[in-house]
Amino acid sequence: MASKSKILIADDNPTNVELLEAYLADFDCETAVAADGEETLRAVERFQPDVILLDIMMPRLSGFEVCKQLKSDPRTKGIMILMVTALNEPGDIERAVQSGCDDFLSKPVHKLELLKRLDNMLRIRHISDEVERLRAYIERMEERCG
């Protein structure tokens with residue numbers, strides 16, 4: 001049986017965290033929370049999430065910086081990042097995409113939209129993981145036979 005998907009909520013506003021946790025209550029997942037950019041990076045190491053709901057405006061490191069770091073590291077680049085932000089200027093969205101996020105949602109977050117995007121992101125994540133496992137298996141078989 002597959003293990004539960006892991007979702008990290010990275011937001012410095014406790015009200016936003018509570019709302020996201022409430023939205024995820026019936027979603028079959030395990031959650032963890034981080035309150036700033038540096039704590040998010042530590043939580044990624046410890047929790048190893050499938051998806052991060054990442055606020056952009058956070059203390060210590062912005063969501064943009066966190067996303068760039070995670071996407072540039074081979075160990076964490078496969079984590080799906082959904083930026084959740086009050087920023088909605090075209091320049092902010094462009095900067096989010098340039099930092100490597102996989103998708104973004106503007107606040108206020110609508111529950112149905114969040115859950116549908118998470119469902120899609122988790123499907124992509126699990127398919128990518130399976131493709132990677134198959135690729136590694138094929139390489140091992142080729143080494144044995146070659």
# chains A, B, ... in the order shown; residues from 1 in each chain; ligands from 1
$ residues_around --residues "Leu41 in chain A" --least-positions-apart "3" --cutoff "8 Å" --atoms "only C-alpha atoms" --output "PyMOL selection string"
chain A and resi 37-38+44-45+66+70
$ select_by_dssp --residues "range 29-142 of chain A" --states "alpha helix (DSSP H)" --output "ChimeraX atom specification"
/A:37-47,63-72,90-99,111-142
$ select_by_dssp --residues "range 32-108 of chain A" --states "strand (DSSP E)" --output "PDB file with N, CA, C and O atoms, in the first residue's frame"
ATOM      1  N   ALA A  32       2.906  19.018   7.632  1.00  0.00           N
ATOM      2  CA  ALA A  32       3.858  19.646   8.548  1.00  0.00           C
ATOM      3  C   ALA A  32       3.800  21.135   8.253  1.00  0.00           C
ATOM      4  O   ALA A  32       3.313  21.554   7.195  1.00  0.00           O
ATOM      5  N   VAL A  33       4.310  21.934   9.204  1.00  0.00           N
ATOM      6  CA  VAL A  33       4.229  23.388   9.075  1.00  0.00           C
ATOM      7  C   VAL A  33       5.603  24.013   9.313  1.00  0.00           C
ATOM      8  O   VAL A  33       6.364  23.546  10.170  1.00  0.00           O
ATOM      9  N   ALA A  34       5.897  25.067   8.548  1.00  0.00           N
ATOM     10  CA  ALA A  34       7.098  25.877   8.753  1.00  0.00           C
ATOM     11  C   ALA A  34       6.676  27.341   8.713  1.00  0.00           C
ATOM     12  O   ALA A  34       5.815  27.711   7.912  1.00  0.00           O
ATOM     13  N   VAL A  51       4.727  17.794  -1.737  1.00  0.00           N
ATOM     14  CA  VAL A  51       4.287  19.118  -2.193  1.00  0.00           C
ATOM     15  C   VAL A  51       4.524  20.120  -1.068  1.00  0.00           C
ATOM     16  O   VAL A  51       4.346  19.797   0.101  1.00  0.00           O
ATOM     17  N   ILE A  52       4.897  21.342  -1.464  1.00  0.00           N
ATOM     18  CA  ILE A  52       5.007  22.446  -0.495  1.00  0.00           C
ATOM     19  C   ILE A  52       4.023  23.525  -0.899  1.00  0.00           C
ATOM     20  O   ILE A  52       4.013  23.958  -2.060  1.00  0.00           O
ATOM     21  N   LEU A  53       3.172  23.938   0.046  1.00  0.00           N
ATOM     22  CA  LEU A  53       2.332  25.122  -0.132  1.00  0.00           C
ATOM     23  C   LEU A  53       3.171  26.265   0.420  1.00  0.00           C
ATOM     24  O   LEU A  53       3.329  26.397   1.630  1.00  0.00           O
ATOM     25  N   LEU A  54       3.739  27.057  -0.472  1.00  0.00           N
ATOM     26  CA  LEU A  54       4.782  28.016  -0.099  1.00  0.00           C
ATOM     27  C   LEU A  54       4.319  29.452  -0.240  1.00  0.00           C
ATOM     28  O   LEU A  54       4.027  29.920  -1.345  1.00  0.00           O
ATOM     29  N   ASP A  55       4.256  30.158   0.889  1.00  0.00           N
ATOM     30  CA  ASP A  55       3.949  31.586   0.888  1.00  0.00           C
ATOM     31  C   ASP A  55       5.176  32.331   0.357  1.00  0.00           C
ATOM     32  O   ASP A  55       6.307  31.914   0.600  1.00  0.00           O
ATOM     33  N   MET A  80       7.135  19.123  -5.589  1.00  0.00           N
ATOM     34  CA  MET A  80       6.220  20.046  -6.262  1.00  0.00           C
ATOM     35  C   MET A  80       5.989  21.261  -5.359  1.00  0.00           C
ATOM     36  O   MET A  80       5.757  21.099  -4.153  1.00  0.00           O
ATOM     37  N   ILE A  81       6.091  22.451  -5.938  1.00  0.00           N
ATOM     38  CA  ILE A  81       5.914  23.672  -5.152  1.00  0.00           C
ATOM     39  C   ILE A  81       4.748  24.480  -5.705  1.00  0.00           C
ATOM     40  O   ILE A  81       4.746  24.885  -6.858  1.00  0.00           O
ATOM     41  N   LEU A  82       3.754  24.682  -4.823  1.00  0.00           N
ATOM     42  CA  LEU A  82       2.592  25.503  -5.133  1.00  0.00           C
ATOM     43  C   LEU A  82       2.723  26.784  -4.323  1.00  0.00           C
ATOM     44  O   LEU A  82       2.607  26.758  -3.095  1.00  0.00           O
ATOM     45  N   MET A  83       3.030  27.874  -4.998  1.00  0.00           N
ATOM     46  CA  MET A  83       3.158  29.151  -4.291  1.00  0.00           C
ATOM     47  C   MET A  83       1.758  29.694  -4.020  1.00  0.00           C
ATOM     48  O   MET A  83       0.921  29.748  -4.909  1.00  0.00           O
ATOM     49  N   VAL A  84       1.551  30.066  -2.770  1.00  0.00           N
ATOM     50  CA  VAL A  84       0.272  30.606  -2.322  1.00  0.00           C
ATOM     51  C   VAL A  84       0.569  32.009  -1.825  1.00  0.00           C
ATOM     52  O   VAL A  84       1.301  32.176  -0.857  1.00  0.00           O
ATOM     53  N   THR A  85       0.001  33.016  -2.504  1.00  0.00           N
ATOM     54  CA  THR A  85       0.423  34.370  -2.187  1.00  0.00           C
ATOM     55  C   THR A  85      -0.663  35.414  -2.356  1.00  0.00           C
ATOM     56  O   THR A  85      -1.575  35.242  -3.160  1.00  0.00           O
ATOM     57  N   ASP A 103       3.343  25.704  -9.707  1.00  0.00           N
ATOM     58  CA  ASP A 103       2.032  26.317  -9.881  1.00  0.00           C
ATOM     59  C   ASP A 103       1.889  27.397  -8.815  1.00  0.00           C
ATOM     60  O   ASP A 103       2.718  27.494  -7.910  1.00  0.00           O
ATOM     61  N   PHE A 104       0.850  28.209  -8.905  1.00  0.00           N
ATOM     62  CA  PHE A 104       0.624  29.240  -7.893  1.00  0.00           C
ATOM     63  C   PHE A 104      -0.860  29.502  -7.747  1.00  0.00           C
ATOM     64  O   PHE A 104      -1.635  29.281  -8.666  1.00  0.00           O
ATOM     65  N   LEU A 105      -1.220  29.934  -6.546  1.00  0.00           N
ATOM     66  CA  LEU A 105      -2.589  30.310  -6.210  1.00  0.00           C
ATOM     67  C   LEU A 105      -2.546  31.664  -5.526  1.00  0.00           C
ATOM     68  O   LEU A 105      -1.681  31.913  -4.700  1.00  0.00           O
ATOM     69  N   SER A 106      -3.513  32.508  -5.855  1.00  0.00           N
ATOM     70  CA  SER A 106      -3.615  33.793  -5.179  1.00  0.00           C
ATOM     71  C   SER A 106      -4.540  33.676  -3.984  1.00  0.00           C
ATOM     72  O   SER A 106      -5.506  32.913  -4.005  1.00  0.00           O
TER      73      SER A 106
END
$ residues_around --residues "Tyr23 in chain A" --least-positions-apart "6" --cutoff "9 Å" --atoms "only C-alpha atoms" --output "list in words"
His110, Lys111, Leu112, Leu114 and Leu115 of chain A
$ write_last_selection --atoms "C-alpha atoms" --output "mmCIF file, in the first residue's frame"
data_model
loop_
_atom_site.group_PDB
_atom_site.id
_atom_site.type_symbol
_atom_site.label_atom_id
_atom_site.label_comp_id
_atom_site.auth_asym_id
_atom_site.auth_seq_id
_atom_site.Cartn_x
_atom_site.Cartn_y
_atom_site.Cartn_z
ATOM 1 C CA HIS A 110 -10.573 28.665 -2.526
ATOM 2 C CA LYS A 111 -10.786 25.169 -1.066
ATOM 3 C CA LEU A 112 -11.951 23.350 -4.198
ATOM 4 C CA LEU A 114 -6.557 24.164 -3.824
ATOM 5 C CA LEU A 115 -7.604 20.522 -3.477
#
$ closest_residue --among "A:Gln98, A:Asn16, A:Asn88, A:Asn120" --to "Ser72 in chain A" --atoms "only C-alpha atoms"
A:Gln98
$ atom_distance --atom1 "CA of Glu113 in chain A" --atom2 "CA of Val131 in chain A"
27.1 Å
$ closest_residue --among "A:Glu30, A:Glu139, A:Asp50, A:Glu94" --to "Phe64 in chain A" --atoms "only C-alpha atoms"
A:Glu94
$ decode --residues "range 47-61 of chain A" --atoms "N, CA, C and O atoms" --output "PDB file, in the first residue's frame"
ATOM      1  N   PHE A  47      11.113  16.279   6.859  1.00  0.00           N
ATOM      2  CA  PHE A  47       9.777  15.757   6.522  1.00  0.00           C
ATOM      3  C   PHE A  47       9.709  15.126   5.131  1.00  0.00           C
ATOM      4  O   PHE A  47       8.895  14.252   4.887  1.00  0.00           O
ATOM      5  N   GLN A  48      10.552  15.584   4.227  1.00  0.00           N
ATOM      6  CA  GLN A  48      10.587  15.116   2.836  1.00  0.00           C
ATOM      7  C   GLN A  48       9.199  15.129   2.184  1.00  0.00           C
ATOM      8  O   GLN A  48       8.641  14.085   1.839  1.00  0.00           O
ATOM      9  N   PRO A  49       8.652  16.329   2.007  1.00  0.00           N
ATOM     10  CA  PRO A  49       7.295  16.442   1.455  1.00  0.00           C
ATOM     11  C   PRO A  49       7.231  16.116  -0.037  1.00  0.00           C
ATOM     12  O   PRO A  49       8.235  16.206  -0.748  1.00  0.00           O
ATOM     13  N   ASP A  50       6.026  15.778  -0.483  1.00  0.00           N
ATOM     14  CA  ASP A  50       5.760  15.619  -1.915  1.00  0.00           C
ATOM     15  C   ASP A  50       5.431  16.974  -2.530  1.00  0.00           C
ATOM     16  O   ASP A  50       5.763  17.244  -3.676  1.00  0.00           O
ATOM     17  N   VAL A  51       4.727  17.794  -1.737  1.00  0.00           N
ATOM     18  CA  VAL A  51       4.287  19.118  -2.193  1.00  0.00           C
ATOM     19  C   VAL A  51       4.524  20.120  -1.068  1.00  0.00           C
ATOM     20  O   VAL A  51       4.346  19.797   0.101  1.00  0.00           O
ATOM     21  N   ILE A  52       4.897  21.342  -1.464  1.00  0.00           N
ATOM     22  CA  ILE A  52       5.007  22.446  -0.495  1.00  0.00           C
ATOM     23  C   ILE A  52       4.023  23.525  -0.899  1.00  0.00           C
ATOM     24  O   ILE A  52       4.013  23.958  -2.060  1.00  0.00           O
ATOM     25  N   LEU A  53       3.172  23.938   0.046  1.00  0.00           N
ATOM     26  CA  LEU A  53       2.332  25.122  -0.132  1.00  0.00           C
ATOM     27  C   LEU A  53       3.171  26.265   0.420  1.00  0.00           C
ATOM     28  O   LEU A  53       3.329  26.397   1.630  1.00  0.00           O
ATOM     29  N   LEU A  54       3.739  27.057  -0.472  1.00  0.00           N
ATOM     30  CA  LEU A  54       4.782  28.016  -0.099  1.00  0.00           C
ATOM     31  C   LEU A  54       4.319  29.452  -0.240  1.00  0.00           C
ATOM     32  O   LEU A  54       4.027  29.920  -1.345  1.00  0.00           O
ATOM     33  N   ASP A  55       4.256  30.158   0.889  1.00  0.00           N
ATOM     34  CA  ASP A  55       3.949  31.586   0.888  1.00  0.00           C
ATOM     35  C   ASP A  55       5.176  32.331   0.357  1.00  0.00           C
ATOM     36  O   ASP A  55       6.307  31.914   0.600  1.00  0.00           O
ATOM     37  N   ILE A  56       4.960  33.407  -0.361  1.00  0.00           N
ATOM     38  CA  ILE A  56       6.094  34.164  -0.901  1.00  0.00           C
ATOM     39  C   ILE A  56       6.680  35.111   0.145  1.00  0.00           C
ATOM     40  O   ILE A  56       7.879  35.146   0.352  1.00  0.00           O
ATOM     41  N   MET A  57       5.824  35.853   0.827  1.00  0.00           N
ATOM     42  CA  MET A  57       6.288  36.865   1.770  1.00  0.00           C
ATOM     43  C   MET A  57       6.482  36.250   3.156  1.00  0.00           C
ATOM     44  O   MET A  57       5.555  36.188   3.950  1.00  0.00           O
ATOM     45  N   MET A  58       7.722  35.758   3.392  1.00  0.00           N
ATOM     46  CA  MET A  58       8.045  35.158   4.692  1.00  0.00           C
ATOM     47  C   MET A  58       9.336  35.764   5.218  1.00  0.00           C
ATOM     48  O   MET A  58      10.170  36.218   4.440  1.00  0.00           O
ATOM     49  N   PRO A  59       9.515  35.744   6.552  1.00  0.00           N
ATOM     50  CA  PRO A  59      10.762  36.253   7.122  1.00  0.00           C
ATOM     51  C   PRO A  59      11.948  35.337   6.811  1.00  0.00           C
ATOM     52  O   PRO A  59      11.773  34.162   6.512  1.00  0.00           O
ATOM     53  N   ARG A  60      13.131  35.898   6.919  1.00  0.00           N
ATOM     54  CA  ARG A  60      14.428  35.224   6.807  1.00  0.00           C
ATOM     55  C   ARG A  60      14.783  34.822   5.380  1.00  0.00           C
ATOM     56  O   ARG A  60      15.866  35.129   4.933  1.00  0.00           O
ATOM     57  N   LEU A  61      13.931  34.131   4.696  1.00  0.00           N
ATOM     58  CA  LEU A  61      14.100  33.830   3.272  1.00  0.00           C
ATOM     59  C   LEU A  61      12.719  33.906   2.642  1.00  0.00           C
ATOM     60  O   LEU A  61      11.775  33.320   3.167  1.00  0.00           O
TER      61      LEU A  61
END
